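Shown next: data.pdb, containing PDB, C-alpha atoms.
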ATOM      1  CA  TRP A   1       0.000   0.000   0.000
ATOM      2  CA  GLY A   2       2.422   2.682  -1.184
ATOM      3  CA  ASN A   3       5.955   3.353   0.010
ATOM      4  CA  VAL A   4       6.961   2.208   3.494
ATOM      5  CA  ASP A   5      10.198   3.080   5.288
ATOM      6  CA  VAL A   6      11.589   0.177   7.336
ATOM      7  CA  LEU A   7      14.367   0.910   9.821
ATOM      8  CA  GLY A   8      14.527  -2.226  11.957
ATOM      9  CA  PHE A   9      12.199  -4.277  14.136
ATOM     10  CA  ASP A  10      14.005  -3.511  17.397
ATOM     11  CA  THR A  11      13.619   0.268  16.971
ATOM     12  CA  LEU A  12      10.104   0.127  15.520
ATOM     13  CA  PRO A  13       8.483  -2.913  17.165
ATOM     14  CA  GLU A  14       4.914  -1.768  16.511
ATOM     15  CA  LEU A  15       5.596  -1.367  12.793
ATOM     16  CA  TYR A  16       7.333  -4.732  12.680
ATOM     17  CA  ASP A  17       4.419  -6.477  14.414
ATOM     18  CA  ARG A  18       1.924  -4.815  12.073
ATOM     19  CA  MET A  19       3.908  -5.835   9.000
ATOM     20  CA  MET A  20       3.952  -9.431  10.229
ATOM     21  CA  GLU A  21       0.192  -9.258  10.794
ATOM     22  CA  TRP A  22      -0.423  -7.882   7.291
ATOM     23  CA  GLU A  23       1.685 -10.660   5.815
ATOM     24  CA  SER A  24      -0.346 -13.328   7.636
ATOM     25  CA  ASP A  25      -3.513 -11.666   6.261
ATOM     26  CA  GLY A  26      -2.099 -11.842   2.736
ATOM     27  CA  ILE A  27      -1.897  -8.060   2.308
ATOM     28  CA  VAL A  28       1.881  -7.713   1.922
ATOM     29  CA  LYS A  29       4.971  -9.859   1.464
ATOM     30  CA  ASN A  30       7.825  -9.076   3.883
ATOM     31  CA  TYR A  31      11.522  -9.535   3.172
ATOM     32  CA  VAL A  32      14.102  -9.683   5.967
ATOM     33  CA  VAL A  33      17.440  -8.060   5.088
ATOM     34  CA  PRO A  34      20.206  -8.807   7.673
ATOM     35  CA  SER A  35      22.452  -5.800   8.241
ATOM     36  CA  ALA A  36      25.165  -4.867  10.731
ATOM     37  CA  THR A  37      24.357  -1.178  10.280
ATOM     38  CA  TRP A  38      21.139   0.799  10.262
ATOM     39  CA  GLU A  39      19.771   1.209   6.790
ATOM     40  CA  HIS A  40      17.025   3.359   5.304
ATOM     41  CA  ILE A  41      15.218   1.174   2.774
ATOM     42  CA  ASP A  42      12.254   2.208   0.614
ATOM     43  CA  PHE A  43       9.905  -0.593  -0.372
ATOM     44  CA  HIS A  44       7.067  -0.321  -2.843
ATOM     45  CA  LEU A  45       4.445  -2.765  -1.572
ATOM     46  CA  ASP A  46       1.875  -3.854  -4.126
ATOM     47  CA  PRO A  47      -1.409  -5.205  -2.726
ATOM     48  CA  LEU A  48      -1.763  -8.940  -3.177
ATOM     49  CA  PRO A  49      -4.801 -10.290  -5.044
ATOM     50  CA  VAL A  50      -7.225 -12.615  -3.290
ATOM     51  CA  GLU A  51      -8.378 -15.584  -5.366
ATOM     52  CA  VAL A  52     -11.271 -17.871  -4.480
ATOM     53  CA  GLN A  53     -13.034 -20.710  -6.250
ATOM     54  CA  VAL A  54     -16.737 -20.052  -6.682
ATOM     55  CA  ASP A  55     -19.021 -23.049  -7.142
ATOM     56  CA  PRO A  56     -22.629 -22.723  -8.336
ATOM     57  CA  GLY A  57     -24.112 -24.503  -5.333
ATOM     58  CA  THR A  58     -22.274 -22.732  -2.518
ATOM     59  CA  SER A  59     -21.935 -19.177  -1.242
ATOM     60  CA  THR A  60     -18.505 -17.544  -1.109
ATOM     61  CA  VAL A  61     -17.143 -14.559   0.814
ATOM     62  CA  ILE A  62     -14.020 -12.584  -0.167
ATOM     63  CA  THR A  63     -12.584 -10.142   2.362
ATOM     64  CA  THR A  64      -9.640  -7.757   2.259
ATOM     65  CA  THR A  65      -8.467  -5.300   4.912
ATOM     66  CA  ASP A  66      -6.688  -2.026   4.229
ATOM     67  CA  PRO A  67      -3.834  -0.626   6.378
ATOM     68  CA  VAL A  68      -6.277   1.166   8.713
ATOM     69  CA  ASP A  69      -8.429  -1.972   9.228
ATOM     70  CA  ASN A  70     -11.295  -0.989   6.931
ATOM     71  CA  GLN A  71     -12.724  -4.116   5.314
ATOM     72  CA  THR A  72     -14.001  -4.693   1.797
ATOM     73  CA  THR A  73     -16.271  -7.729   1.663
ATOM     74  CA  VAL A  74     -17.696  -9.394  -1.444
ATOM     75  CA  GLU A  75     -20.483 -11.901  -0.754
ATOM     76  CA  ILE A  76     -21.289 -14.199  -3.676
ATOM     77  CA  PRO A  77     -24.488 -16.180  -3.001
ATOM     78  CA  ALA A  78     -25.194 -19.717  -4.137
ATOM     79  CA  GLY A  79     -26.493 -19.683  -7.692
ATOM     80  CA  ALA A  80     -24.649 -16.501  -8.679
ATOM     81  CA  ALA A  81     -22.161 -18.509 -10.750
ATOM     82  CA  THR A  82     -23.534 -20.923 -13.324
ATOM     83  CA  SER A  83     -20.280 -22.920 -13.467
ATOM     84  CA  THR A  84     -17.172 -23.246 -11.287
ATOM     85  CA  VAL A  85     -15.033 -20.133 -11.772
ATOM     86  CA  THR A  86     -12.109 -18.433 -10.057
ATOM     87  CA  VAL A  87     -12.829 -14.891  -8.888
ATOM     88  CA  GLU A  88      -9.948 -12.535  -8.097
ATOM     89  CA  LEU A  89     -10.221  -9.388  -6.003
ATOM     90  CA  LEU A  90      -7.253  -7.044  -6.471
ATOM     91  CA  PRO A  91      -7.071  -4.055  -4.074
ATOM     92  CA  GLN A  92      -5.743  -0.864  -5.661
ATOM     93  CA  THR A  93      -4.221   2.203  -4.046
ATOM     94  CA  ALA A  94      -6.085   4.387  -6.560
ATOM     95  CA  PRO A  95      -8.332   3.851  -9.583
ATOM     96  CA  VAL A  96      -6.619   3.481 -12.947
ATOM     97  CA  GLU A  97      -9.020   6.027 -14.435
ATOM     98  CA  GLN A  98     -10.115   9.241 -12.746
ATOM     99  CA  ASP A  99     -13.591  10.761 -12.734
ATOM    100  CA  ASP A 100     -14.143  14.312 -13.979
ATOM    101  CA  ALA A 101     -17.223  15.017 -11.871
ATOM    102  CA  TYR A 102     -16.359  13.331  -8.552
ATOM    103  CA  GLN A 103     -13.260  12.841  -6.445
ATOM    104  CA  PHE A 104     -11.739   9.532  -5.362
ATOM    105  CA  ALA A 105     -12.883   8.557  -1.849
ATOM    106  CA  GLY A 106     -10.217   6.067  -0.828
ATOM    107  CA  ASP A 107     -11.364   2.587  -1.929
ATOM    108  CA  ALA A 108     -10.500   0.988  -5.278
ATOM    109  CA  PHE A 109     -10.346  -2.608  -6.444
ATOM    110  CA  SER A 110     -10.906  -4.810  -9.460
ATOM    111  CA  LEU A 111     -12.922  -8.019  -9.691
ATOM    112  CA  THR A 112     -12.155 -10.497 -12.464
ATOM    113  CA  ALA A 113     -13.167 -14.071 -13.221
ATOM    114  CA  SER A 114     -11.581 -16.967 -15.059
ATOM    115  CA  GLU A 115     -12.531 -20.543 -15.880
ATOM    116  CA  ASN A 116      -9.820 -23.184 -16.274
ATOM    117  CA  GLY A 117      -7.266 -20.386 -16.480
ATOM    118  CA  ILE A 118      -9.105 -18.569 -19.284
ATOM    119  CA  PRO A 119     -10.174 -14.975 -18.427
ATOM    120  CA  LEU A 120     -13.905 -14.329 -18.641
ATOM    121  CA  ASP A 121     -14.304 -10.782 -19.898
ATOM    122  CA  GLU A 122     -17.345  -8.852 -18.664
ATOM    123  CA  TYR A 123     -18.444 -11.790 -16.511
ATOM    124  CA  GLY A 124     -21.969 -11.432 -15.142
ATOM    125  CA  PHE A 125     -23.641 -13.069 -12.165
ATOM    126  CA  ALA A 126     -27.013 -14.815 -12.210
ATOM    127  CA  GLN A 127     -27.698 -13.473  -8.695
ATOM    128  CA  PRO A 128     -26.725 -10.102  -7.186
ATOM    129  CA  VAL A 129     -23.403  -9.988  -5.334
ATOM    130  CA  THR A 130     -23.213  -7.855  -2.184
ATOM    131  CA  VAL A 131     -20.222  -5.548  -1.778
ATOM    132  CA  THR A 132     -19.759  -4.030   1.683
ATOM    133  CA  LEU A 133     -17.200  -1.271   2.097
ATOM    134  CA  GLU A 134     -15.989   0.218   5.360
ATOM    135  CA  TYR A 135     -14.480   3.693   5.152
ATOM    136  CA  SER A 136     -12.836   6.265   7.402
ATOM    137  CA  ASP A 137     -13.841   9.872   7.957
ATOM    138  CA  SER A 138     -10.409  10.859   6.668
ATOM    139  CA  ASP A 139     -11.252   9.266   3.295
ATOM    140  CA  LEU A 140     -14.021  11.828   2.876
ATOM    141  CA  SER A 141     -12.192  14.950   4.007
ATOM    142  CA  GLY A 142     -13.646  17.785   1.937
ATOM    143  CA  LEU A 143     -16.195  15.480   0.269
ATOM    144  CA  VAL A 144     -19.963  15.089   0.611
ATOM    145  CA  GLU A 145     -20.445  11.865   2.597
ATOM    146  CA  ALA A 146     -24.162  11.614   1.822
ATOM    147  CA  SER A 147     -23.322  11.315  -1.892
ATOM    148  CA  LEU A 148     -20.657   8.617  -1.482
ATOM    149  CA  SER A 149     -21.063   6.036  -4.267
ATOM    150  CA  LEU A 150     -19.400   2.919  -5.585
ATOM    151  CA  LEU A 151     -18.795   3.374  -9.317
ATOM    152  CA  TYR A 152     -17.540   0.959 -11.955
ATOM    153  CA  TRP A 153     -15.454   1.692 -15.019
ATOM    154  CA  ASP A 154     -17.415   1.145 -18.232
ATOM    155  CA  GLU A 155     -14.918   0.495 -21.034
ATOM    156  CA  LEU A 156     -17.483   1.051 -23.773
ATOM    157  CA  ALA A 157     -18.702   4.366 -22.372
ATOM    158  CA  GLY A 158     -15.209   5.381 -21.233
ATOM    159  CA  ASP A 159     -16.721   6.653 -17.997
ATOM    160  CA  TRP A 160     -17.466   5.817 -14.360
ATOM    161  CA  LEU A 161     -21.051   4.669 -13.805
ATOM    162  CA  ASP A 162     -23.068   3.728 -10.717
ATOM    163  CA  ALA A 163     -22.169   0.155  -9.718
ATOM    164  CA  ALA A 164     -25.668  -0.476  -8.363
ATOM    165  CA  ASP A 165     -27.027   0.021 -11.884
ATOM    166  CA  THR A 166     -25.305  -3.190 -13.027
ATOM    167  CA  CYS A 167     -28.279  -4.982 -11.467
ATOM    168  CA  SER A 168     -31.891  -4.857 -12.651
ATOM    169  CA  VAL A 169     -34.480  -2.984 -10.602
ATOM    170  CA  PRO A 170     -35.640  -5.969  -8.482
ATOM    171  CA  ASP A 171     -32.050  -6.605  -7.366
ATOM    172  CA  TYR A 172     -31.005  -2.957  -7.011
ATOM    173  CA  LEU A 173     -29.426  -2.084  -3.656
ATOM    174  CA  LYS A 174     -27.374   0.892  -2.521
ATOM    175  CA  SER A 175     -27.308   1.644   1.203
ATOM    176  CA  LEU A 176     -25.122   4.154   3.056
ATOM    177  CA  ASP A 177     -24.761   3.935   6.843
ATOM    178  CA  MET A 178     -23.106   7.228   7.801
ATOM    179  CA  VAL A 179     -23.158   6.367  11.521
ATOM    180  CA  ASN A 180     -21.000   3.262  11.138
ATOM    181  CA  ASN A 181     -19.255   4.371   7.916
ATOM    182  CA  VAL A 182     -20.432   1.460   5.768
ATOM    183  CA  LEU A 183     -21.497   1.487   2.102
ATOM    184  CA  THR A 184     -23.391  -1.565   0.808
ATOM    185  CA  VAL A 185     -24.074  -2.129  -2.894
ATOM    186  CA  HIS A 186     -25.389  -4.933  -5.084
ATOM    187  CA  ILE A 187     -23.346  -5.598  -8.240
ATOM    188  CA  CYS A 188     -24.184  -8.014 -11.041
ATOM    189  CA  HIS A 189     -21.034  -8.036 -13.162
ATOM    190  CA  LEU A 190     -17.287  -7.657 -12.678
ATOM    191  CA  SER A 191     -15.152  -4.647 -13.472
ATOM    192  CA  GLU A 192     -12.840  -2.104 -11.852
ATOM    193  CA  PHE A 193     -14.608  -0.404  -8.941
ATOM    194  CA  ALA A 194     -13.876   2.672  -6.834
ATOM    195  CA  THR A 195     -15.618   4.933  -4.339
ATOM    196  CA  PHE A 196     -16.204   8.530  -5.361
ATOM    197  CA  ALA A 197     -17.995  11.540  -3.882
ATOM    198  CA  PRO A 198     -18.488  15.164  -4.929
ATOM    199  CA  ALA A 199     -16.482  17.889  -3.235
ATOM    200  CA  LYS A 200     -18.195  19.957  -0.579
ATOM    201  CA  ALA A 201     -19.477  23.289  -1.815
ATOM    202  CA  GLU A 202     -17.352  26.286  -0.951
ATOM    203  CA  THR A 203     -19.099  29.522  -0.120
ATOM    204  CA  ILE A 204     -17.342  32.683  -1.216
ATOM    205  CA  THR A 205     -18.474  36.280  -1.136
ATOM    206  CA  ILE A 206     -17.573  38.221  -4.248
ATOM    207  CA  LEU A 207     -19.394  41.377  -3.198
ATOM    208  CA  ASP A 208     -20.281  42.597   0.259
ATOM    209  CA  SER A 209     -22.247  45.476  -1.159
ATOM    210  CA  LEU A 210     -22.233  47.575  -4.281
ATOM    211  CA  LEU A 211     -24.016  50.741  -5.237
ATOM    212  CA  LEU A 212     -25.169  50.681  -8.847
ATOM    213  CA  PRO A 213     -25.932  53.697 -10.979
ATOM    214  CA  THR A 214     -29.675  54.296 -11.219
ATOM    215  CA  ASN A 215     -29.641  53.467 -14.930
ATOM    216  CA  ALA A 216     -27.766  50.140 -14.492
ATOM    217  CA  ALA A 217     -29.785  47.183 -15.731
ATOM    218  CA  HIS A 218     -27.674  44.411 -14.283
ATOM    219  CA  LEU A 219     -24.293  43.458 -12.883
ATOM    220  CA  VAL A 220     -22.019  40.850 -14.443
ATOM    221  CA  ALA A 221     -19.440  39.112 -12.229
ATOM    222  CA  THR A 222     -16.912  36.507 -13.385
ATOM    223  CA  VAL A 223     -15.748  33.855 -10.912
ATOM    224  CA  GLY A 224     -13.137  31.164 -11.652
ATOM    225  CA  VAL A 225     -14.196  27.727 -10.412
ATOM    226  CA  PRO A 226     -11.495  25.098  -9.804
ATOM    227  CA  VAL A 227     -12.061  21.738 -11.495
ATOM    228  CA  GLY A 228     -14.043  19.397  -9.261
ATOM    229  CA  LYS A 229     -15.281  22.203  -6.987
ATOM    230  CA  THR A 230     -18.796  23.492  -6.493
ATOM    231  CA  ILE A 231     -18.921  27.199  -5.701
ATOM    232  CA  ILE A 232     -21.902  28.915  -4.094
ATOM    233  CA  VAL A 233     -21.742  32.625  -4.791
ATOM    234  CA  GLU A 234     -23.409  34.806  -2.196
ATOM    235  CA  GLY A 235     -23.642  38.535  -1.979
ATOM    236  CA  GLN A 236     -26.019  41.420  -2.152
ATOM    237  CA  VAL A 237     -26.271  44.360  -4.467
TER     238      VAL A 237
END
Kindly return the structure encoded in the file as structure tokens.
Amino acid sequence: WGNVDVLGFDTLPELYDRMMEWESDGIVKNYVVPSATWEHIDFHLDPLPVEVQVDPGTSTVITTTDPVDNQTTVEIPAGAATSTVTVELLPQTAPVEQDDAYQFAGDAFSLTASENGIPLDEYGFAQPVTVTLEYSDSDLSGLVEASLSLLYWDELAGDWLDAADTCSVPDYLKSLDMVNNVLTVHICHLSEFATFAPAKAETITILDSLLLPTNAAHLVATVGVPVGKTIIVEGQV
């Protein structure tokens, strides 16, 4: 999950213990480098994929945990797969593609399927799959929590679309629990997924007051709006 500085387990025991815990959970792979002197080493740690076999007659749960203990859970019910397939969940530090309208909210991953080693492009489920995402308040700093959404990347449209819309109306589910910081969504096919939310509106005052000539019909004001920001312009004339 990004770049980690490792100085030595006896000077940073808490970091060492946590790294060992993440390795046992399958999140990272640790390498021990014996050294007689203190070294500053930069490691780039790529998230490890989680692979599971999904059988038509049984339910399957895939779970990953990020560095701050937020879980992403994918629940595949019995009957969702029509044949035995391998499903891979690959956590990502950021989405491959960005969204012009919304900002990334901290959770990104891809879901792919294969059968006998052959990739199944645009694989769809016969039953809705439940994705449950835990998030931190820090993920949404400056963003509108109430509008938090799980989006999927549509290759054909070249855009991010609402993941819940991959399911038909009877199976549609999108639930946001802002008390416990949990987003729950039904998905019905695999893709790259990421959480996004719009930026909070910023209120600026361009005019406190202005006296207009009696023959003035109107006032024109030009305000530059940064990309991805919503600006509410308040003032009185």
**Request:** Taking the file as shown, find all residues satisfying the PyMOL selection byres ((chain A and resi 160) around 10) and write them as a ChimeraX atom specification.
**Result:** /A:97-102,150-155,157-159,161-163,192-194,196
**Message:** I'd like the contact shell of range 143-149 of chain A - 10 Å cut-off, only C-alpha atoms, skipping same-chain residues fewer than 3 positions apart - returned as JSON, numbers by chain.
**Reply:** {"A": [102, 103, 104, 105, 137, 138, 139, 140, 152, 161, 162, 163, 164, 174, 175, 176, 177, 178, 181, 183, 184, 185, 194, 195, 196, 197, 198, 199, 200, 201, 229]}
Keeping only C-alpha atoms, write the selected residues as a PDB file, keeping the file's coordinate frame.
ATOM      1  CA  TYR A 102     -16.359  13.331  -8.552  1.00  0.00           C
ATOM      2  CA  GLN A 103     -13.260  12.841  -6.445  1.00  0.00           C
ATOM      3  CA  PHE A 104     -11.739   9.532  -5.362  1.00  0.00           C
ATOM      4  CA  ALA A 105     -12.883   8.557  -1.849  1.00  0.00           C
ATOM      5  CA  ASP A 137     -13.841   9.872   7.957  1.00  0.00           C
ATOM      6  CA  SER A 138     -10.409  10.859   6.668  1.00  0.00           C
ATOM      7  CA  ASP A 139     -11.252   9.266   3.295  1.00  0.00           C
ATOM      8  CA  LEU A 140     -14.021  11.828   2.876  1.00  0.00           C
ATOM      9  CA  TYR A 152     -17.540   0.959 -11.955  1.00  0.00           C
ATOM     10  CA  LEU A 161     -21.051   4.669 -13.805  1.00  0.00           C
ATOM     11  CA  ASP A 162     -23.068   3.728 -10.717  1.00  0.00           C
ATOM     12  CA  ALA A 163     -22.169   0.155  -9.718  1.00  0.00           C
ATOM     13  CA  ALA A 164     -25.668  -0.476  -8.363  1.00  0.00           C
ATOM     14  CA  LYS A 174     -27.374   0.892  -2.521  1.00  0.00           C
ATOM     15  CA  SER A 175     -27.308   1.644   1.203  1.00  0.00           C
ATOM     16  CA  LEU A 176     -25.122   4.154   3.056  1.00  0.00           C
ATOM     17  CA  ASP A 177     -24.761   3.935   6.843  1.00  0.00           C
ATOM     18  CA  MET A 178     -23.106   7.228   7.801  1.00  0.00           C
ATOM     19  CA  ASN A 181     -19.255   4.371   7.916  1.00  0.00           C
ATOM     20  CA  LEU A 183     -21.497   1.487   2.102  1.00  0.00           C
ATOM     21  CA  THR A 184     -23.391  -1.565   0.808  1.00  0.00           C
ATOM     22  CA  VAL A 185     -24.074  -2.129  -2.894  1.00  0.00           C
ATOM     23  CA  ALA A 194     -13.876   2.672  -6.834  1.00  0.00           C
ATOM     24  CA  THR A 195     -15.618   4.933  -4.339  1.00  0.00           C
ATOM     25  CA  PHE A 196     -16.204   8.530  -5.361  1.00  0.00           C
ATOM     26  CA  ALA A 197     -17.995  11.540  -3.882  1.00  0.00           C
ATOM     27  CA  PRO A 198     -18.488  15.164  -4.929  1.00  0.00           C
ATOM     28  CA  ALA A 199     -16.482  17.889  -3.235  1.00  0.00           C
ATOM     29  CA  LYS A 200     -18.195  19.957  -0.579  1.00  0.00           C
ATOM     30  CA  ALA A 201     -19.477  23.289  -1.815  1.00  0.00           C
ATOM     31  CA  LYS A 229     -15.281  22.203  -6.987  1.00  0.00           C
TER      32      LYS A 229
END
**Request:** Using only C-alpha atoms, pick whichever of A:Pro56, A:Pro119, A:Gly106, A:Pro95 has the shortest atom-to-atom distance to Ile76 in chain A.
**Result:**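 So, comparing all the options, the nearest one is A:Pro56.
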**Request:** Might you spell out which residues the PyMOL selection byres ((chain A and resi 51) around 10) would select in the displayed file, as a list in words?
**Result:**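 Applied to this file, the PyMOL selection byres ((chain A and resi 51) around 10) returns Leu48, Pro49, Val50, Val52, Gln53, Val54, Ile62, Thr86, Val87, Glu88, Leu89, Leu90, Leu111, Thr112 and Ala113 of chain A.
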To test your reading of the syntax: which residues would the PyMOL selection byres ((chain A and resi 124) around 6) return for the file shown? Reply as a PDB file with C-alpha atoms, keeping the file's coordinate frame.
ATOM      1  CA  TYR A 123     -18.444 -11.790 -16.511  1.00  0.00           C
ATOM      2  CA  PHE A 125     -23.641 -13.069 -12.165  1.00  0.00           C
ATOM      3  CA  CYS A 188     -24.184  -8.014 -11.041  1.00  0.00           C
ATOM      4  CA  HIS A 189     -21.034  -8.036 -13.162  1.00  0.00           C
TER       5      HIS A 189
END
**Message:** What does the structure give for the distance between CA of Phe109 in chain A and CA of Leu190 in chain A, in Å to one decimal?
**Reply:**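 Between these atoms lies a distance of 10.6 Å.
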**Asked** Can you tell me how far CA of Glu23 in chain A sits from CA of Thr64 in chain A, in Å to one decimal?
**Response**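 Between CA of Glu23 in chain A and CA of Thr64 in chain A the gap is 12.2 Å.
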